[in-house]
Amino acid sequence: LVAGAGIDRRGAWETAIALAERLQAPVWMAPAAERGGFPQDHPLFQGMLPLAMAPLAERLASHDVVLVCGAPVFRYYPYLPGPVVPEGTTLFQLTDDPDEAARAPAGTAIVGDIALALEQLLAGVPAAEREVPTRRPPAAPPSPRPGEPMPPVVAMQALAKALPMDAVIVEEAASNRAVFYDQVRINQPGGYFATASGGLGFAVPAAVGVQLARPDRQVACVVGDGAAIFALPALWTAAQHHLPIVYLVLRNGHYGILKAFAAFHGLSEQIPGLDLPGLDLVALARGFGCVARRVDQASEIEGALRTAFSEARRDGTPILIEVVVDATVPSLVPGHQAELAAGRT
């Protein structure tokens, strides 16, 4: 099963869980899904599907049938040639969006109400007796040595430990999204929002909207420094409305995702304007009326976040925590460097 945002929009989490358990089927999060659709601490959950065509098809190759629920077939970034569906695999798409059904390049699309369709599937399929698939545990974060830059995984693990149980996450950590998914678990309906496109600037203002809509839940916004500066005036709105949002800004000092894309095309040294020197997000946030702090020690992140969540709710104020992280540019498609190099020759 591939769980997409449509499950969350239709309030169909419990039915999706019941169907997965009936089938004993592994569950993947749809690539670049803008909302969650399945609890990520569930034993059947396997992780997020890769974003590129070739590795995504490889991940599905061991499955005879794939049911995509409430998601496109598929969102890709970047383009790396490969089959949409592996040979020998049958794909069905369940969607309430006729346009997505028309765009699907493979498989059989069924257009209808996702919640009702999952209920009918649940009533019509027999229980399976296959072995429950195992899931790779999250990678343990390395301990940075004194003087070394902090790996982003350290910040993500601290966030996972500090998050309140009812938290809603608004995420736009573009160059560190894989690390985010490896460490942070989305376990409640309506608990995750991200952009459904490749544009930057979504998270900072979206967190304002989510907190206004859900005053009963704690909103945490995880965003890179490059994406954050697209819409910083939303911090002023958050302060004026006394919204207890906690913003975790990963400060790597550049547009990491764009540098990764440049490297993908063999243009690492030819693209100007991707560095962000002299940017003081703490000062900017304070100027908009927010409480803001900078953290550059791994041992201090979890405590700083726990304090921020407590103070934001108590005082009715947005708080920005800037964490200085390693500026190493990640691979856009891990494990496929050879194919990328061959495509550029």
# chains A, B, ... in the order shown; residues from 1 in each chain; ligands from 1

$ residues_around --residues "range 230-244 of chain A" --least-positions-apart "3" --cutoff "6 Å" --atoms "only C-alpha atoms" --output "number ranges by chain"
A: 201, 205, 208, 227, 288-290, 312-313, 316-318

$ write_last_selection --atoms "C-alpha atoms" --output "PDB file, in the first residue's frame"
ATOM      1  CA  GLY A 201       8.379  29.545   0.811  1.00  0.00           C
ATOM      2  CA  PRO A 205       3.187  31.203   6.538  1.00  0.00           C
ATOM      3  CA  VAL A 208       0.359  30.396  10.827  1.00  0.00           C
ATOM      4  CA  ALA A 227      13.066  28.465   2.388  1.00  0.00           C
ATOM      5  CA  PHE A 288       9.069  40.835  13.870  1.00  0.00           C
ATOM      6  CA  GLY A 289       8.133  40.417  17.555  1.00  0.00           C
ATOM      7  CA  CYS A 290       9.131  36.774  18.100  1.00  0.00           C
ATOM      8  CA  ALA A 312       5.357  29.335  23.477  1.00  0.00           C
ATOM      9  CA  ARG A 313       2.191  27.755  24.860  1.00  0.00           C
ATOM     10  CA  GLY A 316       1.208  32.805  23.661  1.00  0.00           C
ATOM     11  CA  THR A 317       4.153  33.784  21.516  1.00  0.00           C
ATOM     12  CA  PRO A 318       5.973  32.338  18.503  1.00  0.00           C
TER      13      PRO A 318
END

$ residues_around --residues "Met165 in chain A" --least-positions-apart "5" --cutoff "12 Å" --atoms "only C-alpha atoms" --output "PyMOL selection string"
chain A and resi 159-160+185-188+191+217-220+309

$ write_last_selection --atoms "N, CA and C atoms" --output "compact mmCIF listing (two decimals), in the first residue's frame"
# COMPACT_ATOMS: atom_id res chain seq x y z
N LEU A 159 14.49 16.95 17.79
CA LEU A 159 13.10 17.35 17.55
C LEU A 159 12.16 16.20 17.83
N ALA A 160 12.50 15.00 17.36
CA ALA A 160 11.64 13.84 17.57
C ALA A 160 11.42 13.57 19.06
N ARG A 185 8.55 10.81 13.40
CA ARG A 185 7.41 9.97 13.08
C ARG A 185 6.11 10.79 13.08
N ILE A 186 5.32 10.61 12.04
CA ILE A 186 4.01 11.27 11.92
C ILE A 186 2.96 10.22 12.27
N ASN A 187 2.31 10.39 13.40
CA ASN A 187 1.48 9.31 13.93
C ASN A 187 0.03 9.67 14.17
N GLN A 188 -0.38 10.90 13.83
CA GLN A 188 -1.76 11.29 14.08
C GLN A 188 -2.37 11.93 12.85
N GLY A 191 -1.56 15.60 11.29
CA GLY A 191 -0.34 15.90 12.03
C GLY A 191 0.84 16.32 11.18
N ARG A 217 -3.86 22.44 19.21
CA ARG A 217 -2.67 21.61 19.02
C ARG A 217 -1.43 22.48 18.85
N GLN A 218 -0.30 21.92 19.23
CA GLN A 218 0.98 22.63 19.12
C GLN A 218 1.51 22.49 17.70
N VAL A 219 1.82 23.60 17.04
CA VAL A 219 2.39 23.57 15.70
C VAL A 219 3.89 23.75 15.79
N ALA A 220 4.61 22.86 15.11
CA ALA A 220 6.07 22.96 14.99
C ALA A 220 6.40 23.09 13.51
N PHE A 309 8.75 24.88 23.35
CA PHE A 309 7.36 24.42 23.31
C PHE A 309 6.61 24.84 24.58

$ closest_residue --among "A:Ala155, A:Leu118, A:Val65, A:Val73" --to "Leu91 in chain A" --atoms "only C-alpha atoms"
A:Val65

$ residues_around --residues "Ile169 in chain A" --least-positions-apart "6" --cutoff "10 Å" --atoms "only C-alpha atoms" --output "PyMOL selection string"
chain A and resi 35+163+184+186+190-194+203+207+210+218-222+246-247

$ write_last_selection --atoms "C-alpha atoms" --output "short mmCIF file (atom, residue, chain, number, x, y, z; two decimals), in the first residue's frame"
data_model
loop_
_atom_site.label_atom_id
_atom_site.label_comp_id
_atom_site.auth_asym_id
_atom_site.auth_seq_id
_atom_site.Cartn_x
_atom_site.Cartn_y
_atom_site.Cartn_z
CA ARG A 35 0.10 15.14 4.28
CA LEU A 163 7.83 17.12 20.14
CA VAL A 184 10.59 12.02 12.95
CA ILE A 186 4.01 11.27 11.92
CA GLY A 190 -3.83 16.04 10.56
CA GLY A 191 -0.34 15.90 12.03
CA TYR A 192 1.78 16.80 8.99
CA PHE A 193 1.65 19.41 6.24
CA ALA A 194 4.15 20.08 3.46
CA ALA A 203 6.19 26.48 5.60
CA ALA A 207 2.32 27.22 10.02
CA VAL A 210 -2.48 25.66 10.62
CA GLN A 218 0.98 22.63 19.12
CA VAL A 219 2.39 23.57 15.70
CA ALA A 220 6.07 22.96 14.99
CA CYS A 221 7.53 24.35 11.77
CA VAL A 222 10.72 22.68 10.46
CA VAL A 246 7.83 26.90 17.41
CA TYR A 247 9.98 27.40 14.33
#

$ residues_around --residues "Gly6 in chain A" --least-positions-apart "6" --cutoff "10 Å" --atoms "only C-alpha atoms" --output "list in words"
Ala12, Trp13, Ala33, Glu34, Arg35, Gly36, Gly37, Cys69, Gly70, Ala71, Pro72, Leu94, Thr95, Asp96, Asp97, Asp113, Ile114 and Ala115 of chain A

$ write_last_selection --atoms "N, CA and C atoms" --output "PDB file, in the first residue's frame"
ATOM      1  N   ALA A  12      -9.548   8.960   6.740  1.00  0.00           N
ATOM      2  CA  ALA A  12      -9.629   7.510   6.543  1.00  0.00           C
ATOM      3  C   ALA A  12      -8.450   6.755   7.152  1.00  0.00           C
ATOM      4  N   TRP A  13      -7.784   7.335   8.142  1.00  0.00           N
ATOM      5  CA  TRP A  13      -6.632   6.656   8.751  1.00  0.00           C
ATOM      6  C   TRP A  13      -7.004   5.281   9.306  1.00  0.00           C
ATOM      7  N   ALA A  33       4.639  13.458  -0.457  1.00  0.00           N
ATOM      8  CA  ALA A  33       3.253  13.615   0.019  1.00  0.00           C
ATOM      9  C   ALA A  33       3.140  14.870   0.861  1.00  0.00           C
ATOM     10  N   GLU A  34       2.058  15.618   0.646  1.00  0.00           N
ATOM     11  CA  GLU A  34       1.874  16.865   1.376  1.00  0.00           C
ATOM     12  C   GLU A  34       1.194  16.674   2.731  1.00  0.00           C
ATOM     13  N   ARG A  35       0.694  15.464   2.987  1.00  0.00           N
ATOM     14  CA  ARG A  35       0.096  15.140   4.282  1.00  0.00           C
ATOM     15  C   ARG A  35       0.387  13.678   4.590  1.00  0.00           C
ATOM     16  N   GLY A  36       0.277  13.320   5.862  1.00  0.00           N
ATOM     17  CA  GLY A  36       0.438  11.928   6.242  1.00  0.00           C
ATOM     18  C   GLY A  36      -0.829  11.146   5.949  1.00  0.00           C
ATOM     19  N   GLY A  37      -0.717   9.817   5.967  1.00  0.00           N
ATOM     20  CA  GLY A  37      -1.882   8.986   5.713  1.00  0.00           C
ATOM     21  C   GLY A  37      -1.850   7.667   6.455  1.00  0.00           C
ATOM     22  N   CYS A  69      -3.087   4.896  -2.646  1.00  0.00           N
ATOM     23  CA  CYS A  69      -4.314   5.434  -2.064  1.00  0.00           C
ATOM     24  C   CYS A  69      -4.177   6.935  -1.834  1.00  0.00           C
ATOM     25  N   GLY A  70      -4.918   7.729  -2.597  1.00  0.00           N
ATOM     26  CA  GLY A  70      -4.956   9.162  -2.349  1.00  0.00           C
ATOM     27  C   GLY A  70      -3.686   9.895  -2.696  1.00  0.00           C
ATOM     28  N   ALA A  71      -2.985   9.451  -3.741  1.00  0.00           N
ATOM     29  CA  ALA A  71      -1.729  10.093  -4.144  1.00  0.00           C
ATOM     30  C   ALA A  71      -1.563   9.965  -5.649  1.00  0.00           C
ATOM     31  N   PRO A  72      -0.756  10.838  -6.250  1.00  0.00           N
ATOM     32  CA  PRO A  72      -0.447  10.706  -7.679  1.00  0.00           C
ATOM     33  C   PRO A  72       0.413   9.472  -7.937  1.00  0.00           C
ATOM     34  N   LEU A  94      -6.178   4.550  -6.357  1.00  0.00           N
ATOM     35  CA  LEU A  94      -7.474   4.966  -5.828  1.00  0.00           C
ATOM     36  C   LEU A  94      -7.389   6.454  -5.543  1.00  0.00           C
ATOM     37  N   THR A  95      -8.181   7.261  -6.261  1.00  0.00           N
ATOM     38  CA  THR A  95      -8.083   8.705  -6.150  1.00  0.00           C
ATOM     39  C   THR A  95      -9.452   9.351  -6.275  1.00  0.00           C
ATOM     40  N   ASP A  96      -9.613  10.509  -5.622  1.00  0.00           N
ATOM     41  CA  ASP A  96     -10.835  11.287  -5.815  1.00  0.00           C
ATOM     42  C   ASP A  96     -10.590  12.471  -6.746  1.00  0.00           C
ATOM     43  N   ASP A  97      -9.451  12.473  -7.431  1.00  0.00           N
ATOM     44  CA  ASP A  97      -9.065  13.559  -8.333  1.00  0.00           C
ATOM     45  C   ASP A  97      -9.001  13.034  -9.771  1.00  0.00           C
ATOM     46  N   ASP A 113     -14.693   8.097  -3.906  1.00  0.00           N
ATOM     47  CA  ASP A 113     -14.439   8.548  -2.548  1.00  0.00           C
ATOM     48  C   ASP A 113     -13.463   7.587  -1.866  1.00  0.00           C
ATOM     49  N   ILE A 114     -12.354   8.095  -1.396  1.00  0.00           N
ATOM     50  CA  ILE A 114     -11.295   7.241  -0.871  1.00  0.00           C
ATOM     51  C   ILE A 114     -11.734   6.513   0.390  1.00  0.00           C
ATOM     52  N   ALA A 115     -12.400   7.217   1.297  1.00  0.00           N
ATOM     53  CA  ALA A 115     -12.823   6.583   2.543  1.00  0.00           C
ATOM     54  C   ALA A 115     -13.809   5.442   2.277  1.00  0.00           C
TER      55      ALA A 115
END

$ closest_residue --among "A:Gly47, A:Gln297, A:Glu311, A:Leu284" --to "Ala178 in chain A" --atoms "only C-alpha atoms"
A:Gly47

$ closest_residue --among "A:Lys161, A:Asp275, A:Leu51, A:Asp280" --to "Gly198 in chain A" --atoms "only C-alpha atoms"
A:Leu51

$ residues_around --residues "Ala263 in chain A" --least-positions-apart "6" --cutoff "9 Å" --atoms "only C-alpha atoms" --output "ChimeraX atom specification"
/A:269,329,331-332

$ select_by_dssp --residues "range 104-293 of chain A" --states "strand (DSSP E)" --output "list in words"
Thr108, Ala109, Ile110, Val111, Val168, Ile169, Val170, Glu171, Glu172, Tyr192, Phe193, Ala194, Val219, Ala220, Cys221, Val222, Val223, Gly224, Val246, Tyr247, Leu248, Val249, Leu250, Arg251, Val291, Ala292 and Arg293 of chain A

$ write_last_selection --atoms "C-alpha atoms" --output "PDB file, in the first residue's frame"
ATOM      1  CA  THR A 108      -5.477   1.215 -13.431  1.00  0.00           C
ATOM      2  CA  ALA A 109      -6.992   4.331 -11.870  1.00  0.00           C
ATOM      3  CA  ILE A 110     -10.250   4.147  -9.944  1.00  0.00           C
ATOM      4  CA  VAL A 111     -11.958   7.486  -9.250  1.00  0.00           C
ATOM      5  CA  VAL A 168       1.289  19.245  14.075  1.00  0.00           C
ATOM      6  CA  ILE A 169       4.406  19.489  11.921  1.00  0.00           C
ATOM      7  CA  VAL A 170       4.676  21.909   9.012  1.00  0.00           C
ATOM      8  CA  GLU A 171       7.807  20.901   7.118  1.00  0.00           C
ATOM      9  CA  GLU A 172       9.973  22.459   4.421  1.00  0.00           C
ATOM     10  CA  TYR A 192       1.784  16.798   8.989  1.00  0.00           C
ATOM     11  CA  PHE A 193       1.650  19.411   6.242  1.00  0.00           C
ATOM     12  CA  ALA A 194       4.151  20.080   3.464  1.00  0.00           C
ATOM     13  CA  VAL A 219       2.387  23.571  15.704  1.00  0.00           C
ATOM     14  CA  ALA A 220       6.066  22.963  14.987  1.00  0.00           C
ATOM     15  CA  CYS A 221       7.532  24.346  11.770  1.00  0.00           C
ATOM     16  CA  VAL A 222      10.717  22.679  10.463  1.00  0.00           C
ATOM     17  CA  VAL A 223      12.296  24.755   7.715  1.00  0.00           C
ATOM     18  CA  GLY A 224      15.632  25.423   6.048  1.00  0.00           C
ATOM     19  CA  VAL A 246       7.829  26.896  17.410  1.00  0.00           C
ATOM     20  CA  TYR A 247       9.980  27.399  14.326  1.00  0.00           C
ATOM     21  CA  LEU A 248      13.048  25.156  14.003  1.00  0.00           C
ATOM     22  CA  VAL A 249      15.264  26.697  11.330  1.00  0.00           C
ATOM     23  CA  LEU A 250      18.161  24.604  10.026  1.00  0.00           C
ATOM     24  CA  ARG A 251      20.913  27.102   9.224  1.00  0.00           C
ATOM     25  CA  VAL A 291      11.335  35.241  20.756  1.00  0.00           C
ATOM     26  CA  ALA A 292      14.402  33.844  18.990  1.00  0.00           C
ATOM     27  CA  ARG A 293      17.524  31.890  20.005  1.00  0.00           C
TER      28      ARG A 293
END

$ atom_distance --atom1 "CA of Ile301 in chain A" --atom2 "CA of Met156 in chain A"
9.5 Å

$ atom_distance --atom1 "CA of Ala213 in chain A" --atom2 "CA of Arg9 in chain A"
14.6 Å
